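A.B. asks: One file: target-v4.cif (mmCIF, C-alpha atoms).
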```cif
data_run
#
loop_
_atom_site.label_atom_id
_atom_site.label_comp_id
_atom_site.auth_asym_id
_atom_site.auth_seq_id
_atom_site.Cartn_x
_atom_site.Cartn_y
_atom_site.Cartn_z
CA MET U 736 2.53 75.81 27.92
CA ALA U 737 4.02 73.94 30.86
CA GLN U 738 5.96 70.79 30.00
CA PRO U 739 4.45 67.49 31.27
CA THR U 740 6.15 65.82 34.20
CA THR U 741 8.41 62.84 33.52
CA ALA U 742 5.84 60.44 34.96
CA ARG U 743 3.07 61.89 32.79
CA ARG U 744 5.26 61.84 29.67
CA ILE U 745 6.13 58.17 30.21
CA ALA U 746 2.50 57.27 30.84
CA GLU U 747 1.54 58.98 27.58
CA THR U 748 4.25 57.37 25.45
CA SER U 749 4.40 53.89 27.03
CA SER U 750 0.76 53.15 27.76
CA PHE U 751 0.80 49.37 27.93
CA LEU U 752 -0.22 49.24 31.59
CA THR U 753 -3.51 50.67 32.80
CA ALA U 754 -3.95 52.97 35.76
CA GLN U 755 -5.37 49.97 37.66
CA HIS U 756 -2.24 47.91 36.89
CA CYS U 757 -0.07 50.68 38.30
CA ALA U 758 -2.26 51.03 41.39
CA ASP U 759 -2.14 47.27 42.01
CA PHE U 760 1.63 47.32 41.69
CA ALA U 761 1.94 50.18 44.19
CA ARG U 762 -0.30 48.32 46.64
CA ASP U 763 1.11 44.79 46.31
CA GLY U 764 4.65 45.20 44.98
CA PHE U 765 3.75 43.20 41.88
CA VAL U 766 1.12 43.02 39.16
CA TYR U 767 0.08 40.20 36.81
CA VAL U 768 -0.79 40.86 33.16
CA PRO U 769 -2.10 37.83 31.21
CA ALA U 770 -1.48 37.28 27.49
CA ALA U 771 0.92 40.20 27.09
CA PHE U 772 2.74 38.34 24.31
CA SER U 773 0.93 36.56 21.47
CA PRO U 774 1.29 32.81 20.69
CA ALA U 775 3.40 33.70 17.64
CA GLU U 776 5.71 35.88 19.74
CA MET U 777 6.01 33.14 22.33
CA ARG U 778 6.99 30.60 19.68
CA ALA U 779 9.85 32.93 18.78
CA ILE U 780 10.87 33.50 22.41
CA THR U 781 10.72 29.75 23.09
CA GLY U 782 12.94 29.14 20.07
CA TRP U 783 15.40 31.77 21.26
CA SER U 784 15.53 30.14 24.68
CA GLU U 785 16.35 26.82 23.06
CA GLU U 786 19.08 28.50 21.01
CA VAL U 787 20.65 29.99 24.13
CA GLN U 788 20.39 26.65 25.93
CA GLY U 789 22.28 25.00 23.08
CA TRP U 790 25.15 27.48 22.95
CA THR U 791 28.65 26.18 23.56
CA GLU U 792 29.89 27.53 26.88
CA VAL U 793 32.87 29.86 26.61
CA PRO U 794 34.58 31.54 29.60
CA GLY U 795 33.89 35.27 29.70
CA ARG U 796 30.71 35.04 27.64
CA HIS U 797 27.16 34.04 28.67
CA MET U 798 26.88 32.52 32.14
CA ALA U 799 25.35 29.04 32.59
CA TYR U 800 24.67 27.62 36.05
CA TYR U 801 23.83 24.02 36.99
CA GLU U 802 22.20 22.34 39.99
CA ASP U 803 21.76 18.86 41.42
CA ASP U 804 18.90 16.88 39.88
CA LEU U 805 16.46 16.12 42.70
CA ALA U 806 15.02 13.17 40.77
CA HIS U 807 18.38 11.60 39.88
CA PRO U 808 21.02 11.95 42.63
CA GLY U 809 24.51 12.51 41.28
CA ARG U 810 23.29 14.15 38.09
CA ARG U 811 23.56 17.87 37.29
CA VAL U 812 21.00 19.79 35.24
CA LEU U 813 20.95 23.32 33.82
CA GLN U 814 19.44 25.77 36.28
CA ARG U 815 19.69 29.15 34.55
CA ILE U 816 21.59 31.23 32.00
CA GLU U 817 22.46 34.90 32.43
CA ASN U 818 24.28 37.61 30.45
CA PHE U 819 23.01 36.47 27.05
CA VAL U 820 21.46 39.65 25.66
CA PRO U 821 24.72 40.97 24.09
CA TYR U 822 24.90 37.80 22.00
CA HIS U 823 21.29 37.48 20.86
CA ALA U 824 19.56 40.08 18.67
CA GLY U 825 16.06 38.76 19.36
CA PHE U 826 16.32 39.08 23.12
CA GLU U 827 18.03 42.44 22.73
CA ARG U 828 15.02 43.75 20.79
CA ILE U 829 12.62 42.69 23.54
CA LEU U 830 14.40 44.85 26.11
CA SER U 831 12.99 48.09 24.70
CA ASP U 832 9.51 46.70 23.99
CA ARG U 833 6.65 48.69 25.50
CA ARG U 834 5.65 45.60 27.48
CA MET U 835 9.12 45.44 29.02
CA LEU U 836 11.04 48.70 29.27
CA GLY U 837 7.92 50.76 28.55
CA ALA U 838 5.87 49.08 31.28
CA VAL U 839 8.70 49.27 33.81
CA GLU U 840 9.12 52.98 33.11
CA GLN U 841 5.40 53.43 33.76
CA LEU U 842 5.79 51.71 37.13
CA PHE U 843 8.90 53.69 38.04
CA GLY U 844 7.52 56.94 36.68
CA ASP U 845 11.02 57.51 35.33
CA PRO U 846 13.28 56.32 32.49
CA ALA U 847 14.88 52.93 33.17
CA VAL U 848 17.92 50.96 32.10
CA LEU U 849 18.69 47.22 31.94
CA PHE U 850 20.34 45.78 35.06
CA LYS U 851 20.41 42.03 34.39
CA GLU U 852 18.70 39.23 32.48
CA LYS U 853 18.27 35.50 33.01
CA ILE U 854 16.30 32.47 31.94
CA ASN U 855 15.37 30.14 34.77
CA PHE U 856 15.00 26.73 33.15
CA LYS U 857 13.79 24.67 36.14
CA LEU U 858 14.13 21.43 34.21
CA PRO U 859 12.53 18.22 35.53
CA GLY U 860 14.17 17.58 38.88
CA GLY U 861 15.17 21.23 39.23
CA ASP U 862 14.96 22.74 42.68
CA GLY U 863 12.90 25.73 43.73
CA PHE U 864 14.05 29.00 45.29
CA LYS U 865 13.54 29.66 48.99
CA PRO U 866 11.48 32.78 49.79
CA HIS U 867 13.59 35.90 49.50
CA GLN U 868 13.70 39.52 48.38
CA ASP U 869 15.95 40.18 45.39
CA GLN U 870 17.40 43.20 47.18
CA GLN U 871 18.94 40.82 49.75
CA ALA U 872 21.47 39.62 47.18
CA GLY U 873 23.66 42.72 47.47
CA TRP U 874 21.69 44.67 44.91
CA TRP U 875 21.83 47.74 47.16
CA ASN U 876 25.44 48.14 45.99
CA TYR U 877 24.12 49.15 42.58
CA ALA U 878 20.77 50.92 42.99
CA PRO U 879 18.13 51.46 45.69
CA ILE U 880 15.33 49.61 43.87
CA PHE U 881 14.70 47.46 40.79
CA ILE U 882 11.72 46.14 38.85
CA THR U 883 11.72 42.76 37.13
CA ALA U 884 9.50 41.81 34.21
CA LEU U 885 8.87 38.05 34.21
CA VAL U 886 7.74 36.49 30.92
CA THR U 887 6.25 33.00 31.16
CA ILE U 888 7.75 30.68 28.53
CA ASP U 889 6.30 27.36 29.73
CA GLU U 890 3.06 27.14 31.67
CA GLN U 891 3.73 27.61 35.38
CA THR U 892 1.71 25.32 37.63
CA ILE U 893 1.64 24.32 41.29
CA GLU U 894 3.22 20.99 40.28
CA ASN U 895 6.21 22.47 38.44
CA GLY U 896 6.94 25.23 40.94
CA CYS U 897 5.19 28.41 39.84
CA LEU U 898 6.15 31.75 41.35
CA GLU U 899 4.74 32.51 44.81
CA LEU U 900 4.52 36.08 46.14
CA ALA U 901 3.54 37.81 49.38
CA ALA U 902 1.61 41.03 48.73
CA GLY U 903 2.26 44.37 50.39
CA HIS U 904 5.51 43.62 52.19
CA HIS U 905 7.64 45.55 49.68
CA LYS U 906 6.64 48.68 51.58
CA LYS U 907 8.67 47.51 54.60
CA GLY U 908 11.99 47.63 52.74
CA MET U 909 14.49 44.83 53.23
CA VAL U 910 13.02 42.68 55.97
CA GLY U 911 15.49 39.79 55.64
CA GLY U 912 19.22 39.58 56.20
CA ALA U 913 21.81 40.01 53.49
CA TRP U 914 22.77 37.01 51.38
CA THR U 915 20.30 34.63 53.02
CA PRO U 916 16.74 33.46 52.39
CA LEU U 917 13.94 34.83 54.56
CA THR U 918 13.62 33.16 57.95
CA GLU U 919 10.45 31.88 59.60
CA LYS U 920 10.53 34.97 61.82
CA ASP U 921 10.84 37.25 58.77
CA MET U 922 7.82 35.54 57.20
CA ALA U 923 5.63 35.39 60.31
CA ASP U 924 3.04 37.79 58.88
CA MET U 925 3.50 36.93 55.19
CA LYS U 926 1.04 34.95 53.11
CA PHE U 927 2.66 33.49 50.01
CA VAL U 928 0.20 32.91 47.18
CA PRO U 929 1.06 30.79 44.11
CA TYR U 930 0.51 32.42 40.72
CA PRO U 931 0.06 29.84 37.95
CA THR U 932 0.65 31.51 34.57
CA LYS U 933 0.49 30.59 30.89
CA PRO U 934 2.96 31.28 28.06
CA GLY U 935 2.94 34.98 27.20
CA ASP U 936 1.75 36.12 30.63
CA VAL U 937 3.90 38.75 32.36
CA MET U 938 4.42 39.46 36.06
CA TYR U 939 6.10 42.69 37.17
CA PHE U 940 7.53 42.80 40.70
CA ASP U 941 9.86 45.08 42.59
CA SER U 942 13.05 44.02 44.32
CA PHE U 943 11.54 44.19 47.81
CA ALA U 944 8.58 41.93 47.00
CA PRO U 945 9.05 38.59 48.85
CA HIS U 946 8.84 35.64 46.46
CA GLY U 947 9.97 32.06 45.98
CA SER U 948 9.04 28.83 44.23
CA ALA U 949 8.88 25.06 44.77
CA PRO U 950 10.82 22.35 42.88
CA ASN U 951 9.71 20.99 39.51
CA ARG U 952 8.37 17.50 40.16
CA THR U 953 7.01 17.04 36.63
CA ASP U 954 8.62 15.64 33.48
CA ARG U 955 8.56 18.97 31.59
CA PRO U 956 10.65 22.14 31.91
CA ARG U 957 9.31 25.33 33.50
CA ARG U 958 11.23 28.07 31.71
CA VAL U 959 10.79 31.71 32.69
CA LEU U 960 12.49 34.84 31.33
CA TYR U 961 13.44 37.52 33.86
CA ILE U 962 14.48 41.01 32.72
CA THR U 963 15.44 43.40 35.54
CA TYR U 964 15.73 47.19 35.28
CA ASN U 965 16.64 50.10 37.54
CA ARG U 966 15.99 53.81 37.18
CA ARG U 967 18.35 55.40 34.69
CA ALA U 968 18.98 58.18 37.20
CA ASP U 969 20.56 55.57 39.51
CA GLY U 970 23.16 54.64 36.90
CA ASP U 971 23.92 51.87 34.39
CA HIS U 972 25.27 48.98 36.48
CA ARG U 973 24.88 45.96 34.25
CA LEU U 974 28.57 45.53 33.37
CA PRO U 975 29.84 46.09 36.95
CA TYR U 976 27.20 43.69 38.27
CA TYR U 977 28.24 40.86 35.98
CA ALA U 978 31.94 41.55 36.54
CA ASP U 979 31.34 41.26 40.30
CA LYS U 980 29.25 38.13 39.89
CA ARG U 981 31.95 36.38 37.84
CA LYS U 982 34.29 36.88 40.77
CA SER U 983 31.97 35.88 43.62
CA PHE U 984 29.74 33.30 41.93
CA PRO U 985 31.16 32.38 38.51
CA PRO U 986 29.33 30.16 36.01
CA ASP U 987 30.23 26.48 36.29
CA ILE U 988 32.67 26.57 33.37
CA GLU U 989 34.77 29.29 35.05
CA ARG U 990 35.06 27.71 38.50
CA ALA U 991 38.39 26.74 40.01
CA PRO U 992 38.71 22.99 40.64
CA GLY U 993 38.13 22.10 44.27
CA THR U 994 36.60 25.47 45.15
CA GLN U 995 33.15 25.45 46.75
CA TYR U 996 30.69 28.11 45.63
CA LYS U 997 27.35 28.58 47.34
CA PHE U 998 24.28 30.16 45.79
CA ARG U 999 22.78 32.02 48.73
CA VAL U 1000 19.61 33.64 47.38
#
```
Rewrite the structure of this file - the entire thing - as structure tokens.
C.D. replies:
Amino acid sequence: MAQPTTARRIAETSSFLTAQHCADFARDGFVYVPAAFSPAEMRAITGWSEEVQGWTEVPGRHMAYYEDDLAHPGRRVLQRIENFVPYHAGFERILSDRRMLGAVEQLFGDPAVLFKEKINFKLPGGDGFKPHQDQQAGWWNYAPIFITALVTIDEQTIENGCLELAAGHHKKGMVGGAWTPLTEKDMADMKFVPYPTKPGDVMYFDSFAPHGSAPNRTDRPRRVLYITYNRRADGDHRLPYYADKRKSFPPDIERAPGTQYKFRV
């Protein structure tokens, strides 16, 4: 008997996504799956996020980044934390969940490996992210394409800066310049649509899908977990990626006094 293809084997063993989900992803560059995680699971993930937020910052460990508070000039607030999976067993378990790794492997049609992870906190007064493609941030140095699984921790609304995406443009490759947000010219034929989501909802999007978000003008945080993977065949680049990032854009605690660092995309 002939052996099943890799894509068929993955679809059979990691069947969280439907054929329609996969078709929508191929068409739009992203797909939305509501209520992927239960309320009980989200209580655990929320608690883990609070644990990570409360960790003492240590150079060389997890990476915490801060931003100016739009509501209170002169004040800095936590923007995001990266590189925390090696230090947290709960988050490490999620990586191989069928709704994370399993779903991404369905979308790739190939085995996948972790590339990076982050929690965007977008606390009250936190800024948004200008429209961009993730691939613009030098990711081509590591692999030709990535897929991110976004898990909603706090409800995302128009008011607190939910994710906005432009469908179908992933097929054009990298339309913007390197290390810079998309320009008005780049976005001339793009229609960005906001996607409000609730805790436990998941959005999968590829690294060429244009997306962005507005600031959080409310009095509550808008926390979102992002887990990004690449095809295993393209190599395991997580450690080189974070080593490079510590050099070019270190977390606040590792920055040299008087040195200016700019987050570009």
A.B. asks: Pick out the residues sitting within 8 Å of Tyr961 (chain U), and hand them over as a PyMOL selection string; count only C-alpha atoms, and ignore anything fewer than 6 positions along from it in its own chain.
C.D. replies: chain U and resi 852-855+883-886
A.B. asks: Do a neighbour search on Val768 (chain U) at 9 Å with only C-alpha atoms, toss out local chain neighbours closer than 2 positions, and write the hits as a PyMOL selection string.
C.D. replies: chain U and resi 752+756+766+770-771+936-939
A.B. asks: Given the choices U:Ser983, U:Ser773, U:Asn965, U:Ser948, which gets closest to Trp874 (chain U) if the distance is worked out from all atoms listed in the file?
C.D. replies: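 Selected residue with least distance to Trp874 (chain U): U:Asn965.
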A.B. asks: Using all atoms listed in the file, which residues sit within 12 Å of Gln871 (chain U) once same-chain residues fewer than 4 positions away are excluded, as a ChimeraX atom specification?
C.D. replies: /U:866-867,875-876,879-881,908-917,942-946,999-1000
A.B. asks: Please determine the residues with any atom at most 8 Å from (13.6, 20.8, 33.9) (coordinates as given in the file, with only C-alpha atoms counting) and report them as a count of residues only.
C.D. replies: 14
A.B. asks: Since the input has fewer atoms than a full residue there, write region 855-883 of chain U out with N, CA and C atoms, as a JSON list (two decimals), keeping the file's coordinate frame.
C.D. replies:
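New file result36.json:
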```
[["chain", "number", "residue", "atom", "x", "y", "z"],
["U", 855, "ASN", "N", 15.41, 31.25, 33.83],
["U", 855, "ASN", "CA", 15.37, 30.14, 34.77],
["U", 855, "ASN", "C", 14.73, 28.95, 34.05],
["U", 856, "PHE", "N", 15.49, 27.86, 33.92],
["U", 856, "PHE", "CA", 15.00, 26.73, 33.15],
["U", 856, "PHE", "C", 14.15, 25.77, 34.00],
["U", 857, "LYS", "N", 14.48, 25.60, 35.25],
["U", 857, "LYS", "CA", 13.79, 24.67, 36.14],
["U", 857, "LYS", "C", 13.37, 23.41, 35.38],
["U", 858, "LEU", "N", 14.37, 22.68, 34.93],
["U", 858, "LEU", "CA", 14.13, 21.43, 34.21],
["U", 858, "LEU", "C", 13.56, 20.37, 35.15],
["U", 859, "PRO", "N", 13.02, 19.28, 34.64],
["U", 859, "PRO", "CA", 12.53, 18.22, 35.53],
["U", 859, "PRO", "C", 13.59, 17.84, 36.55],
["U", 860, "GLY", "N", 13.21, 17.83, 37.82],
["U", 860, "GLY", "CA", 14.17, 17.58, 38.88],
["U", 860, "GLY", "C", 14.86, 18.82, 39.39],
["U", 861, "GLY", "N", 14.56, 19.98, 38.79],
["U", 861, "GLY", "CA", 15.17, 21.23, 39.23],
["U", 861, "GLY", "C", 14.57, 21.71, 40.54],
["U", 862, "ASP", "N", 15.40, 22.30, 41.36],
["U", 862, "ASP", "CA", 14.96, 22.74, 42.68],
["U", 862, "ASP", "C", 14.23, 24.07, 42.57],
["U", 863, "GLY", "N", 13.55, 24.43, 43.65],
["U", 863, "GLY", "CA", 12.90, 25.73, 43.73],
["U", 863, "GLY", "C", 13.83, 26.76, 44.34],
["U", 864, "PHE", "N", 13.28, 27.92, 44.66],
["U", 864, "PHE", "CA", 14.05, 29.00, 45.29],
["U", 864, "PHE", "C", 13.36, 29.35, 46.60],
["U", 865, "LYS", "N", 14.10, 29.34, 47.69],
["U", 865, "LYS", "CA", 13.54, 29.66, 48.99],
["U", 865, "LYS", "C", 13.05, 31.11, 48.99],
["U", 866, "PRO", "N", 12.01, 31.41, 49.77],
["U", 866, "PRO", "CA", 11.48, 32.78, 49.79],
["U", 866, "PRO", "C", 12.58, 33.80, 50.10],
["U", 867, "HIS", "N", 12.58, 34.87, 49.35],
["U", 867, "HIS", "CA", 13.59, 35.90, 49.50],
["U", 867, "HIS", "C", 13.11, 37.20, 48.86],
["U", 868, "GLN", "N", 13.84, 38.26, 49.09],
["U", 868, "GLN", "CA", 13.70, 39.52, 48.38],
["U", 868, "GLN", "C", 14.95, 39.68, 47.51],
["U", 869, "ASP", "N", 14.78, 40.04, 46.27],
["U", 869, "ASP", "CA", 15.95, 40.18, 45.39],
["U", 869, "ASP", "C", 16.97, 41.16, 45.96],
["U", 870, "GLN", "N", 16.50, 42.17, 46.64],
["U", 870, "GLN", "CA", 17.40, 43.20, 47.18],
["U", 870, "GLN", "C", 18.39, 42.61, 48.18],
["U", 871, "GLN", "N", 18.05, 41.45, 48.77],
["U", 871, "GLN", "CA", 18.94, 40.82, 49.75],
["U", 871, "GLN", "C", 20.27, 40.37, 49.14],
["U", 872, "ALA", "N", 20.29, 40.18, 47.84],
["U", 872, "ALA", "CA", 21.47, 39.62, 47.18],
["U", 872, "ALA", "C", 22.50, 40.70, 46.83],
["U", 873, "GLY", "N", 22.65, 41.69, 47.69],
["U", 873, "GLY", "CA", 23.66, 42.72, 47.47],
["U", 873, "GLY", "C", 23.31, 43.74, 46.42],
["U", 874, "TRP", "N", 22.06, 43.75, 45.97],
["U", 874, "TRP", "CA", 21.69, 44.67, 44.91],
["U", 874, "TRP", "C", 21.78, 46.13, 45.35],
["U", 875, "TRP", "N", 21.73, 46.36, 46.66],
["U", 875, "TRP", "CA", 21.83, 47.74, 47.16],
["U", 875, "TRP", "C", 23.15, 48.39, 46.78],
["U", 876, "ASN", "N", 24.16, 47.58, 46.42],
["U", 876, "ASN", "CA", 25.44, 48.14, 45.99],
["U", 876, "ASN", "C", 25.34, 48.84, 44.64],
["U", 877, "TYR", "N", 24.25, 48.61, 43.93],
["U", 877, "TYR", "CA", 24.12, 49.15, 42.58],
["U", 877, "TYR", "C", 23.02, 50.21, 42.46],
["U", 878, "ALA", "N", 21.88, 49.96, 43.05],
["U", 878, "ALA", "CA", 20.77, 50.92, 42.99],
["U", 878, "ALA", "C", 19.82, 50.65, 44.15],
["U", 879, "PRO", "N", 19.01, 51.64, 44.53],
["U", 879, "PRO", "CA", 18.13, 51.46, 45.69],
["U", 879, "PRO", "C", 16.91, 50.60, 45.44],
["U", 880, "ILE", "N", 16.50, 50.41, 44.18],
["U", 880, "ILE", "CA", 15.33, 49.61, 43.87],
["U", 880, "ILE", "C", 15.37, 49.17, 42.40],
["U", 881, "PHE", "N", 14.75, 48.02, 42.13],
["U", 881, "PHE", "CA", 14.70, 47.46, 40.79],
["U", 881, "PHE", "C", 13.30, 46.94, 40.52],
["U", 882, "ILE", "N", 12.97, 46.80, 39.25],
["U", 882, "ILE", "CA", 11.72, 46.14, 38.85],
["U", 882, "ILE", "C", 12.07, 45.07, 37.83],
["U", 883, "THR", "N", 11.51, 43.89, 38.04],
["U", 883, "THR", "CA", 11.72, 42.76, 37.13],
["U", 883, "THR", "C", 10.44, 42.48, 36.35]]
```
